[in-house]
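Below is the file structure-v3.cif, which contains mmCIF, C-alpha atoms.
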```
data_upload
#
loop_
_atom_site.group_PDB
_atom_site.id
_atom_site.type_symbol
_atom_site.label_atom_id
_atom_site.label_comp_id
_atom_site.auth_asym_id
_atom_site.auth_seq_id
_atom_site.Cartn_x
_atom_site.Cartn_y
_atom_site.Cartn_z
ATOM 1 C CA MET A 211 0.000 0.000 0.000
ATOM 2 C CA LYS A 212 1.647 3.218 -1.110
ATOM 3 C CA PRO A 213 0.962 6.269 1.031
ATOM 4 C CA THR A 214 0.164 9.493 -0.694
ATOM 5 C CA ASN A 215 0.686 13.080 0.351
ATOM 6 C CA LYS A 216 -1.797 14.411 -2.158
ATOM 7 C CA ALA A 217 -4.607 16.628 -1.021
ATOM 8 C CA PHE A 218 -8.126 15.244 -1.035
ATOM 9 C CA THR A 219 -9.834 14.237 -4.279
ATOM 10 C CA ARG A 220 -12.221 16.476 -6.160
ATOM 11 C CA ARG A 221 -15.129 14.296 -5.030
ATOM 12 C CA THR A 222 -14.104 14.732 -1.384
ATOM 13 C CA PHE A 223 -13.652 18.453 -1.926
ATOM 14 C CA LEU A 224 -17.110 18.878 -3.390
ATOM 15 C CA ARG A 225 -18.707 16.905 -0.568
ATOM 16 C CA LEU A 226 -16.919 18.946 2.058
ATOM 17 C CA ALA A 227 -17.505 22.217 0.277
ATOM 18 C CA ALA A 228 -21.226 21.655 0.716
ATOM 19 C CA LEU A 229 -20.805 21.589 4.492
ATOM 20 C CA THR A 230 -20.274 25.318 4.825
ATOM 21 C CA PRO A 231 -20.678 28.462 2.706
ATOM 22 C CA LEU A 232 -17.149 29.462 3.721
ATOM 23 C CA ALA A 233 -15.814 26.683 1.511
ATOM 24 C CA ALA A 234 -17.880 27.493 -1.540
ATOM 25 C CA ALA A 235 -14.875 28.956 -3.325
ATOM 26 C CA SER A 236 -11.686 26.971 -3.776
ATOM 27 C CA SER A 237 -9.655 30.020 -2.761
ATOM 28 C CA SER A 238 -10.853 29.554 0.820
ATOM 29 C CA LEU A 239 -9.058 26.197 0.858
ATOM 30 C CA ALA A 240 -5.859 27.422 -0.812
ATOM 31 C CA ILE A 241 -3.558 26.364 1.993
ATOM 32 C CA ALA A 242 -0.586 24.229 1.039
ATOM 33 C CA PRO A 243 -0.144 20.797 2.621
ATOM 34 C CA ILE A 244 2.933 20.150 4.722
ATOM 35 C CA ALA A 245 5.855 18.925 2.631
ATOM 36 C CA ARG A 246 6.729 15.618 4.299
ATOM 37 C CA THR A 247 9.630 13.350 3.393
ATOM 38 C CA GLY A 248 9.223 9.579 3.330
ATOM 39 C CA GLY A 249 6.128 7.453 3.591
ATOM 40 C CA ALA A 250 3.471 7.612 6.262
ATOM 41 C CA SER A 251 4.682 6.747 9.763
ATOM 42 C CA PHE A 252 2.665 7.524 12.880
ATOM 43 C CA THR A 253 2.507 6.316 16.459
ATOM 44 C CA PRO A 254 -0.352 6.522 18.990
ATOM 45 C CA THR A 255 0.717 8.402 22.124
ATOM 46 C CA LEU A 256 -1.075 10.148 25.003
ATOM 47 C CA ASN A 257 -2.659 13.489 25.753
ATOM 48 C CA ALA A 258 -2.538 14.061 29.515
ATOM 49 C CA TYR A 259 -6.069 15.507 29.439
ATOM 50 C CA SER A 260 -7.288 11.896 29.470
ATOM 51 C CA PHE A 261 -6.534 12.012 33.216
ATOM 52 C CA PHE A 262 -8.470 15.278 33.673
ATOM 53 C CA GLU A 263 -10.318 14.362 36.867
ATOM 54 C CA GLN A 264 -7.315 12.781 38.565
ATOM 55 C CA LEU A 265 -5.006 15.636 37.603
ATOM 56 C CA ASN A 266 -7.429 18.234 38.940
ATOM 57 C CA ALA A 267 -7.858 16.232 42.152
ATOM 58 C CA ASN A 268 -4.102 16.219 42.622
ATOM 59 C CA LEU A 269 -3.843 19.965 42.048
ATOM 60 C CA ALA A 270 -6.381 20.467 44.832
ATOM 61 C CA ASN A 271 -4.813 17.892 47.170
ATOM 62 C CA THR A 272 -1.449 16.303 46.380
ATOM 63 C CA SER A 273 -2.431 13.164 48.303
ATOM 64 C CA LYS A 274 -5.156 12.410 45.741
ATOM 65 C CA GLY A 275 -5.334 11.656 42.045
ATOM 66 C CA ILE A 276 -2.275 11.744 39.823
ATOM 67 C CA ASP A 277 0.203 14.424 38.816
ATOM 68 C CA LEU A 278 1.952 14.914 35.486
ATOM 69 C CA PHE A 279 4.880 12.795 36.630
ATOM 70 C CA GLY A 280 2.425 9.979 37.280
ATOM 71 C CA VAL A 281 1.077 10.391 33.754
ATOM 72 C CA VAL A 282 4.629 10.041 32.445
ATOM 73 C CA ASP A 283 5.015 6.836 34.475
ATOM 74 C CA PHE A 284 1.792 5.541 32.905
ATOM 75 C CA CYS A 285 3.316 6.169 29.483
ATOM 76 C CA ALA A 286 6.480 4.292 30.410
ATOM 77 C CA LYS A 287 4.466 1.353 31.743
ATOM 78 C CA HIS A 288 2.549 1.026 28.467
ATOM 79 C CA ASP A 289 5.443 1.805 26.092
ATOM 80 C CA ILE A 290 3.880 5.085 24.994
ATOM 81 C CA GLU A 291 6.621 7.069 23.310
ATOM 82 C CA ALA A 292 5.371 10.619 23.849
ATOM 83 C CA VAL A 293 3.058 12.653 26.036
ATOM 84 C CA ASP A 294 1.217 15.926 25.443
ATOM 85 C CA LEU A 295 1.312 17.741 28.801
ATOM 86 C CA THR A 296 -1.661 20.115 28.959
ATOM 87 C CA GLY A 297 -0.603 23.448 30.451
ATOM 88 C CA TYR A 298 -3.382 23.836 32.976
ATOM 89 C CA PHE A 299 -2.258 20.784 34.910
ATOM 90 C CA PHE A 300 1.066 22.413 35.742
ATOM 91 C CA PRO A 301 1.162 23.856 39.279
ATOM 92 C CA GLY A 302 0.479 27.590 39.242
ATOM 93 C CA TYR A 303 -1.146 27.748 35.803
ATOM 94 C CA PRO A 304 -1.750 30.187 34.096
ATOM 95 C CA LYS A 305 1.609 31.403 35.349
ATOM 96 C CA ALA A 306 4.637 29.767 33.785
ATOM 97 C CA PRO A 307 6.160 26.952 35.860
ATOM 98 C CA ALA A 308 9.469 27.523 37.601
ATOM 99 C CA ASP A 309 12.661 26.446 35.874
ATOM 100 C CA SER A 310 13.186 23.847 38.589
ATOM 101 C CA TYR A 311 9.857 22.174 37.717
ATOM 102 C CA VAL A 312 10.489 22.306 33.975
ATOM 103 C CA ASN A 313 13.988 20.885 34.375
ATOM 104 C CA ARG A 314 12.753 18.120 36.669
ATOM 105 C CA MET A 315 10.099 17.184 34.114
ATOM 106 C CA LYS A 316 12.576 17.166 31.235
ATOM 107 C CA ARG A 317 14.905 14.848 33.130
ATOM 108 C CA TYR A 318 11.997 12.664 34.268
ATOM 109 C CA VAL A 319 10.699 12.022 30.750
ATOM 110 C CA HIS A 320 14.195 11.489 29.398
ATOM 111 C CA ASP A 321 15.014 8.878 32.022
ATOM 112 C CA ARG A 322 11.875 6.997 30.971
ATOM 113 C CA GLY A 323 12.615 7.160 27.268
ATOM 114 C CA ILE A 324 9.704 9.484 26.511
ATOM 115 C CA VAL A 325 9.450 12.835 24.749
ATOM 116 C CA ILE A 326 7.088 15.737 25.346
ATOM 117 C CA SER A 327 5.130 16.198 22.132
ATOM 118 C CA GLY A 328 3.107 19.258 23.069
ATOM 119 C CA THR A 329 1.223 21.343 25.586
ATOM 120 C CA GLY A 330 -1.902 23.518 25.515
ATOM 121 C CA VAL A 331 -3.649 26.522 27.031
ATOM 122 C CA LYS A 332 -7.165 27.858 27.607
ATOM 123 C CA ASN A 333 -7.905 30.929 25.509
ATOM 124 C CA ASP A 334 -10.856 32.693 23.892
ATOM 125 C CA PHE A 335 -10.249 34.404 20.566
ATOM 126 C CA ALA A 336 -13.967 34.429 19.687
ATOM 127 C CA THR A 337 -15.000 37.000 22.271
ATOM 128 C CA ALA A 338 -16.038 40.501 21.279
ATOM 129 C CA ASP A 339 -13.957 41.758 24.219
ATOM 130 C CA LYS A 340 -10.623 42.878 22.740
ATOM 131 C CA ALA A 341 -9.011 42.837 26.177
ATOM 132 C CA VAL A 342 -9.863 39.152 26.654
ATOM 133 C CA ARG A 343 -8.470 38.319 23.224
ATOM 134 C CA ALA A 344 -5.307 40.226 24.040
ATOM 135 C CA GLU A 345 -4.998 38.332 27.330
ATOM 136 C CA GLY A 346 -5.291 35.095 25.380
ATOM 137 C CA VAL A 347 -2.493 36.143 23.056
ATOM 138 C CA GLU A 348 -0.223 37.027 25.956
ATOM 139 C CA LEU A 349 -1.065 33.766 27.739
ATOM 140 C CA THR A 350 -0.257 31.800 24.599
ATOM 141 C CA LYS A 351 3.026 33.655 24.190
ATOM 142 C CA VAL A 352 4.008 32.825 27.770
ATOM 143 C CA TRP A 353 3.267 29.162 27.203
ATOM 144 C CA ILE A 354 5.007 29.119 23.840
ATOM 145 C CA GLU A 355 8.132 29.948 25.794
ATOM 146 C CA VAL A 356 7.274 27.235 28.338
ATOM 147 C CA ALA A 357 6.844 24.770 25.467
ATOM 148 C CA ALA A 358 10.256 25.743 24.142
ATOM 149 C CA ARG A 359 11.787 25.196 27.588
ATOM 150 C CA LEU A 360 10.116 21.787 27.772
ATOM 151 C CA GLY A 361 11.268 20.865 24.281
ATOM 152 C CA ALA A 362 7.650 20.576 23.089
ATOM 153 C CA PRO A 363 7.275 21.433 19.379
ATOM 154 C CA VAL A 364 3.537 22.257 19.497
ATOM 155 C CA ILE A 365 1.141 24.289 21.633
ATOM 156 C CA ARG A 366 -2.606 23.724 21.300
ATOM 157 C CA VAL A 367 -4.995 26.680 21.311
ATOM 158 C CA PHE A 368 -8.776 26.935 20.933
ATOM 159 C CA ALA A 369 -10.818 28.881 18.421
ATOM 160 C CA GLY A 370 -13.930 29.392 20.570
ATOM 161 C CA PRO A 371 -14.832 30.100 24.206
ATOM 162 C CA GLN A 372 -13.906 27.607 26.931
ATOM 163 C CA THR A 373 -16.490 28.549 29.543
ATOM 164 C CA LYS A 374 -20.108 27.487 30.077
ATOM 165 C CA ASN A 375 -21.205 31.113 29.966
ATOM 166 C CA PRO A 376 -21.068 32.107 27.172
ATOM 167 C CA LYS A 377 -21.358 28.562 25.910
ATOM 168 C CA ASP A 378 -20.868 29.202 22.183
ATOM 169 C CA TRP A 379 -18.961 31.516 19.891
ATOM 170 C CA GLN A 380 -22.055 33.462 18.800
ATOM 171 C CA SER A 381 -22.795 34.438 22.398
ATOM 172 C CA ALA A 382 -19.129 35.212 23.105
ATOM 173 C CA ALA A 383 -18.962 37.361 19.977
ATOM 174 C CA SER A 384 -22.169 39.247 20.809
ATOM 175 C CA ASN A 385 -23.702 37.793 17.631
ATOM 176 C CA ALA A 386 -21.111 39.387 15.355
ATOM 177 C CA LYS A 387 -20.858 38.062 11.790
ATOM 178 C CA ARG A 388 -18.854 34.885 11.408
ATOM 179 C CA GLU A 389 -16.546 36.584 8.915
ATOM 180 C CA ASP A 390 -15.715 39.289 11.464
ATOM 181 C CA VAL A 391 -15.118 36.780 14.251
ATOM 182 C CA GLU A 392 -12.847 34.764 11.993
ATOM 183 C CA GLY A 393 -10.898 37.970 11.430
ATOM 184 C CA TRP A 394 -10.478 38.499 15.185
ATOM 185 C CA MET A 395 -9.249 34.949 15.602
ATOM 186 C CA ALA A 396 -6.887 35.150 12.658
ATOM 187 C CA GLU A 397 -5.308 38.333 13.978
ATOM 188 C CA ALA A 398 -4.765 36.788 17.417
ATOM 189 C CA LEU A 399 -3.471 33.517 15.996
ATOM 190 C CA HIS A 400 -1.101 35.290 13.644
ATOM 191 C CA ALA A 401 0.420 37.161 16.584
ATOM 192 C CA CYS A 402 0.831 33.856 18.442
ATOM 193 C CA ALA A 403 2.387 32.192 15.391
ATOM 194 C CA GLU A 404 4.884 35.042 15.039
ATOM 195 C CA HIS A 405 5.983 34.392 18.605
ATOM 196 C CA GLY A 406 5.959 30.660 18.016
ATOM 197 C CA GLU A 407 8.323 31.011 15.093
ATOM 198 C CA LYS A 408 10.795 32.886 17.296
ATOM 199 C CA PHE A 409 10.854 30.020 19.789
ATOM 200 C CA GLY A 410 10.425 27.080 17.416
ATOM 201 C CA VAL A 411 6.926 26.169 18.618
ATOM 202 C CA ILE A 412 4.017 25.513 16.241
ATOM 203 C CA VAL A 413 0.620 26.969 17.200
ATOM 204 C CA ALA A 414 -1.965 24.210 16.669
ATOM 205 C CA VAL A 415 -5.613 25.302 16.382
ATOM 206 C CA GLN A 416 -8.036 22.624 17.569
ATOM 207 C CA ASN A 417 -11.442 22.027 16.048
ATOM 208 C CA HIS A 418 -13.643 21.993 19.122
ATOM 209 C CA GLY A 419 -17.099 21.530 17.673
ATOM 210 C CA ASP A 420 -18.034 25.185 18.087
ATOM 211 C CA PHE A 421 -16.569 27.805 15.740
ATOM 212 C CA ILE A 422 -14.713 25.032 13.922
ATOM 213 C CA SER A 423 -17.052 22.097 13.308
ATOM 214 C CA THR A 424 -15.989 21.073 9.805
ATOM 215 C CA GLY A 425 -12.831 20.681 7.776
ATOM 216 C CA PRO A 426 -13.637 23.636 5.481
ATOM 217 C CA GLU A 427 -14.150 25.877 8.527
ATOM 218 C CA HIS A 428 -10.815 24.693 9.928
ATOM 219 C CA LEU A 429 -8.977 25.433 6.685
ATOM 220 C CA SER A 430 -10.756 28.755 6.184
ATOM 221 C CA LEU A 431 -9.469 30.060 9.518
ATOM 222 C CA LEU A 432 -5.939 28.810 8.884
ATOM 223 C CA GLN A 433 -5.915 30.349 5.428
ATOM 224 C CA ARG A 434 -6.840 33.667 6.985
ATOM 225 C CA VAL A 435 -4.119 33.350 9.628
ATOM 226 C CA ASP A 436 -1.675 32.810 6.759
ATOM 227 C CA HIS A 437 1.360 31.802 8.819
ATOM 228 C CA SER A 438 3.501 28.700 8.384
ATOM 229 C CA TRP A 439 3.852 28.310 12.173
ATOM 230 C CA CYS A 440 0.102 27.929 12.659
ATOM 231 C CA GLY A 441 -1.605 24.674 11.695
ATOM 232 C CA PRO A 442 -4.492 22.404 12.647
ATOM 233 C CA LEU A 443 -4.773 20.059 15.583
ATOM 234 C CA VAL A 444 -7.171 17.429 14.274
ATOM 235 C CA ASP A 445 -9.639 16.319 16.954
ATOM 236 C CA THR A 446 -11.319 13.222 15.543
ATOM 237 C CA GLY A 447 -14.304 13.656 17.863
ATOM 238 C CA LYS A 448 -15.184 17.257 17.094
ATOM 239 C CA TYR A 449 -16.129 17.507 13.424
ATOM 240 C CA PHE A 450 -19.904 17.787 13.487
ATOM 241 C CA SER A 451 -20.780 17.157 9.857
ATOM 242 C CA ASP A 452 -22.590 14.432 7.946
ATOM 243 C CA ASP A 453 -19.247 12.698 7.318
ATOM 244 C CA PRO A 454 -16.544 13.431 9.922
ATOM 245 C CA TYR A 455 -14.186 11.001 8.174
ATOM 246 C CA ALA A 456 -14.260 13.269 5.122
ATOM 247 C CA ASP A 457 -13.311 16.233 7.310
ATOM 248 C CA ILE A 458 -10.449 14.245 8.816
ATOM 249 C CA THR A 459 -9.313 13.207 5.340
ATOM 250 C CA MET A 460 -9.273 16.833 4.299
ATOM 251 C CA MET A 461 -7.095 17.842 7.253
ATOM 252 C CA VAL A 462 -4.471 15.065 7.274
ATOM 253 C CA PRO A 463 -2.106 16.796 4.807
ATOM 254 C CA HIS A 464 -2.058 19.881 7.039
ATOM 255 C CA ALA A 465 -2.128 18.315 10.520
ATOM 256 C CA VAL A 466 0.510 19.346 13.066
ATOM 257 C CA ASN A 467 -1.015 17.441 16.001
ATOM 258 C CA TRP A 468 -3.972 15.196 16.861
ATOM 259 C CA GLN A 469 -6.455 14.110 19.486
ATOM 260 C CA ILE A 470 -7.700 10.585 18.812
ATOM 261 C CA LYS A 471 -11.066 10.088 20.504
ATOM 262 C CA GLU A 472 -13.174 7.004 21.255
ATOM 263 C CA THR A 473 -16.242 8.340 19.455
ATOM 264 C CA LEU A 474 -16.890 10.611 16.484
ATOM 265 C CA GLY A 475 -18.757 13.161 18.559
ATOM 266 C CA SER A 476 -17.093 13.060 21.992
ATOM 267 C CA SER A 477 -20.356 11.677 23.376
ATOM 268 C CA LEU A 478 -21.446 8.179 24.333
ATOM 269 C CA LYS A 479 -24.378 8.651 21.955
ATOM 270 C CA SER A 480 -21.978 9.255 19.049
ATOM 271 C CA PRO A 481 -20.781 6.447 16.762
ATOM 272 C CA GLN A 482 -17.654 4.649 17.910
ATOM 273 C CA ILE A 483 -14.534 5.478 15.939
ATOM 274 C CA ASP A 484 -13.627 2.928 13.294
ATOM 275 C CA PHE A 485 -9.925 2.725 14.133
ATOM 276 C CA GLU A 486 -9.003 0.766 11.021
ATOM 277 C CA ARG A 487 -10.703 3.332 8.815
ATOM 278 C CA LEU A 488 -9.083 6.180 10.742
ATOM 279 C CA ALA A 489 -5.615 4.623 10.536
ATOM 280 C CA LYS A 490 -5.981 4.152 6.785
ATOM 281 C CA ILE A 491 -7.060 7.778 6.344
ATOM 282 C CA ILE A 492 -4.034 9.008 8.302
ATOM 283 C CA HIS A 493 -1.761 6.611 6.413
ATOM 284 C CA ASP A 494 -3.086 7.526 2.978
ATOM 285 C CA GLY A 495 -2.667 11.211 3.823
ATOM 286 C CA GLY A 496 1.048 10.615 4.344
ATOM 287 C CA TYR A 497 1.124 11.790 7.956
ATOM 288 C CA ARG A 498 4.325 11.339 9.940
ATOM 289 C CA GLY A 499 4.474 11.858 13.693
ATOM 290 C CA PHE A 500 2.595 11.217 16.903
ATOM 291 C CA VAL A 501 -1.182 10.863 17.144
ATOM 292 C CA PRO A 502 -2.043 11.468 20.834
ATOM 293 C CA ILE A 503 -5.022 9.660 22.349
ATOM 294 C CA GLU A 504 -7.446 11.693 24.478
ATOM 295 C CA THR A 505 -10.206 9.783 26.237
ATOM 296 C CA LEU A 506 -13.054 11.567 28.036
ATOM 297 C CA ALA A 507 -15.442 10.731 30.863
ATOM 298 C CA MET A 508 -18.448 11.663 28.678
ATOM 299 C CA GLY A 509 -20.756 11.479 31.694
ATOM 300 C CA ARG A 510 -19.530 8.101 32.936
ATOM 301 C CA LYS A 511 -19.546 8.255 36.748
ATOM 302 C CA ASP A 512 -17.306 5.210 36.994
ATOM 303 C CA TYR A 513 -14.882 6.488 34.353
ATOM 304 C CA ASP A 514 -11.311 5.256 34.785
ATOM 305 C CA PRO A 515 -9.009 6.691 32.109
ATOM 306 C CA ALA A 516 -6.274 4.070 32.420
ATOM 307 C CA PRO A 517 -8.171 1.124 30.857
ATOM 308 C CA GLU A 518 -9.897 3.425 28.351
ATOM 309 C CA VAL A 519 -6.569 4.798 27.125
ATOM 310 C CA VAL A 520 -5.147 1.282 26.894
ATOM 311 C CA LYS A 521 -8.207 0.138 24.915
ATOM 312 C CA VAL A 522 -7.777 2.916 22.347
ATOM 313 C CA LEU A 523 -4.002 2.433 22.333
ATOM 314 C CA VAL A 524 -4.345 -1.274 21.525
ATOM 315 C CA ALA A 525 -6.992 -0.587 18.864
ATOM 316 C CA MET A 526 -4.822 2.024 17.141
ATOM 317 C CA ARG A 527 -1.704 -0.125 17.309
ATOM 318 C CA GLU A 528 -3.546 -3.073 15.816
ATOM 319 C CA ALA A 529 -5.074 -0.939 13.092
ATOM 320 C CA ILE A 530 -1.676 0.502 12.179
ATOM 321 C CA SER A 531 -0.093 -2.962 12.130
ATOM 322 C CA ARG A 532 -2.637 -4.111 9.550
ATOM 323 C CA LEU A 533 -1.548 -1.361 7.178
ATOM 324 C CA LYS A 534 1.876 -2.943 6.721
#
```
Let me see the file written as structure tokens.
Amino acid sequence: MKPTNKAFTRRTFLRLAALTPLAAASSSLAIAPIARTGGASFTPTLNAYSFFEQLNANLANTSKGIDLFGVVDFCAKHDIEAVDLTGYFFPGYPKAPADSYVNRMKRYVHDRGIVISGTGVKNDFATADKAVRAEGVELTKVWIEVAARLGAPVIRVFAGPQTKNPKDWQSAASNAKREDVEGWMAEALHACAEHGEKFGVIVAVQNHGDFISTGPEHLSLLQRVDHSWCGPLVDTGKYFSDDPYADITMMVPHAVNWQIKETLGSSLKSPQIDFERLAKIIHDGGYRGFVPIETLAMGRKDYDPAPEVVKVLVAMREAISRLK
């Protein structure tokens, strides 16, 4: 099976173009794919957010839950090669961690044969409040420098609000036109990408099922940002279209990071991910790199992330092995 780094087919383009008026013109999708060398090669790893409840419990009381060092140990136990260490589980977030903590973490992962593949922050670039957007830019800049200190090549940012009130981008934007909101986001993201380039950290914009719910919407925003140090984080559970696999297919050539979910809609009511189909899509898109797993409680009161992560890990590894 020969991998290909070609963009999606015309048939796929036309199907996806119908998902949103923003993609009606091909110019809105005129963003070049990443020039990769060699065939497809990707490895399932871990996003620390899978341990959300336990990490938050530990931040509140160090005798409970698990800390980021414990997450690294989990990776070592299960031969997971890399970990994405979400910023808000570092002590003192949103402030940058002390050098002593960063250095301890770097040595800890190295001694366990693991690398740090990324980190992430909470930001809101959809809000009509310029001051809040500016705060998000400054926060991202601070954590770009933290990522550089950690040796993480990618920092994840959001496109829409991350609070329950307002709960969606339209409310956050005071019902401004989508085109205008996209402009706000692009301006903020461009500023972050400029800083990222200085420190060698890629700004990865996650589709989060709100402002970005389809592949064309994802590409439209990135095209408007127009910076080589800003790319998509592909969340396989947050494309809310008639065919999420088509959205994923569209984004593979551009992807700079991933979140591999258990379901297509990050809900127990959503269809389960077809891991073999997903692996083939990633393979055929020529992707090279890590594909972090992120499991979620999704309302399960008895949720234990450890077996859920292992279940997805095994499924992805098996699916990848069948490609060879």
### Message
I'd like the neighbourhood of stretch 449-465 of chain A as number ranges by chain, where a residue qualifies if any of its atoms comes within 6 Å (using all atoms listed in the file), though same-chain residues fewer than 2 positions away should be ignored.
### Response
A: 218, 243-244, 419, 423-425, 442-443, 467, 491, 495
### Task
Run the PyMOL selection byres ((chain A and resi 387-395) around 12) mentally over the shown coordinates, then write out the matched residues as a ChimeraX atom specification, using the chain letters and numbers from the document.
/A:230-232,333-344,346-347,367-371,379-386,396-403,415,420-422,427-436
#### Entry: Selected residue, from A:Asp289, A:Arg498, A:Val282, A:Tyr298, that lies nearest to A:Lys316 when counting all atoms listed in the file
A:Val282
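You can rank A:Val281, A:Leu478, A:Ile365, A:Cys440 by their closest distance to A:Leu506 using all atoms listed in the file, and at the top of that list sits A:Leu478.
For the file at hand, the PyMOL selection byres ((chain A and resi 257) around 8) resolves to Thr255, Leu256, Ala258, Tyr259, Ser260, Val293, Asp294, Leu295, Thr296, Gln469, Pro502, Ile503 and Glu504 of chain A.
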### Task
I need the residue set behind the PyMOL selection byres ((chain A and resi 515) around 12) for this file; please write it as a PyMOL selection string.
chain A and resi 256-265+275-276+281+284+472+503-508+510-514+516-523
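Counting from atom CA of A:Arg532, the distance to atom CA of A:Ile483 is 16.6 Å.
Taking atom CA of A:Gly361 and atom CA of A:Ile492 as the two end points, the separation is 25.1 Å.
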Your completed stretch 389-400 of chain A with N, CA, C and O atoms, as a CSV table (one decimal), keeping the file's coordinate frame:
```csv
chain,number,residue,atom,x,y,z
A,389,GLU,N,-17.7,36.1,9.6
A,389,GLU,CA,-16.5,36.6,8.9
A,389,GLU,C,-15.7,37.5,9.8
A,389,GLU,O,-14.5,37.5,9.8
A,390,ASP,N,-16.4,38.4,10.6
A,390,ASP,CA,-15.7,39.3,11.5
A,390,ASP,C,-15.0,38.5,12.6
A,390,ASP,O,-13.9,38.9,13.0
A,391,VAL,N,-15.7,37.6,13.2
A,391,VAL,CA,-15.1,36.8,14.3
A,391,VAL,C,-13.9,36.0,13.8
A,391,VAL,O,-12.9,35.9,14.4
A,392,GLU,N,-14.0,35.5,12.6
A,392,GLU,CA,-12.8,34.8,12.0
A,392,GLU,C,-11.7,35.7,11.9
A,392,GLU,O,-10.5,35.3,12.1
A,393,GLY,N,-12.0,37.0,11.5
A,393,GLY,CA,-10.9,38.0,11.4
A,393,GLY,C,-10.2,38.2,12.8
A,393,GLY,O,-9.0,38.4,12.9
A,394,TRP,N,-11.1,38.3,13.8
A,394,TRP,CA,-10.5,38.5,15.2
A,394,TRP,C,-9.5,37.3,15.5
A,394,TRP,O,-8.4,37.5,16.0
A,395,MET,N,-10.0,36.1,15.3
A,395,MET,CA,-9.2,34.9,15.6
A,395,MET,C,-8.0,34.9,14.8
A,395,MET,O,-6.9,34.6,15.4
A,396,ALA,N,-8.1,35.2,13.5
A,396,ALA,CA,-6.9,35.2,12.7
A,396,ALA,C,-5.8,36.1,13.1
A,396,ALA,O,-4.6,35.8,13.1
A,397,GLU,N,-6.3,37.3,13.5
A,397,GLU,CA,-5.3,38.3,14.0
A,397,GLU,C,-4.6,37.9,15.2
A,397,GLU,O,-3.4,38.0,15.4
A,398,ALA,N,-5.4,37.3,16.2
A,398,ALA,CA,-4.8,36.8,17.4
A,398,ALA,C,-3.8,35.6,17.1
A,398,ALA,O,-2.7,35.5,17.7
A,399,LEU,N,-4.3,34.7,16.3
A,399,LEU,CA,-3.5,33.5,16.0
A,399,LEU,C,-2.2,33.9,15.2
A,399,LEU,O,-1.1,33.3,15.4
A,400,HIS,N,-2.3,34.9,14.4
A,400,HIS,CA,-1.1,35.3,13.6
A,400,HIS,C,-0.1,35.8,14.6
A,400,HIS,O,1.1,35.5,14.5
```
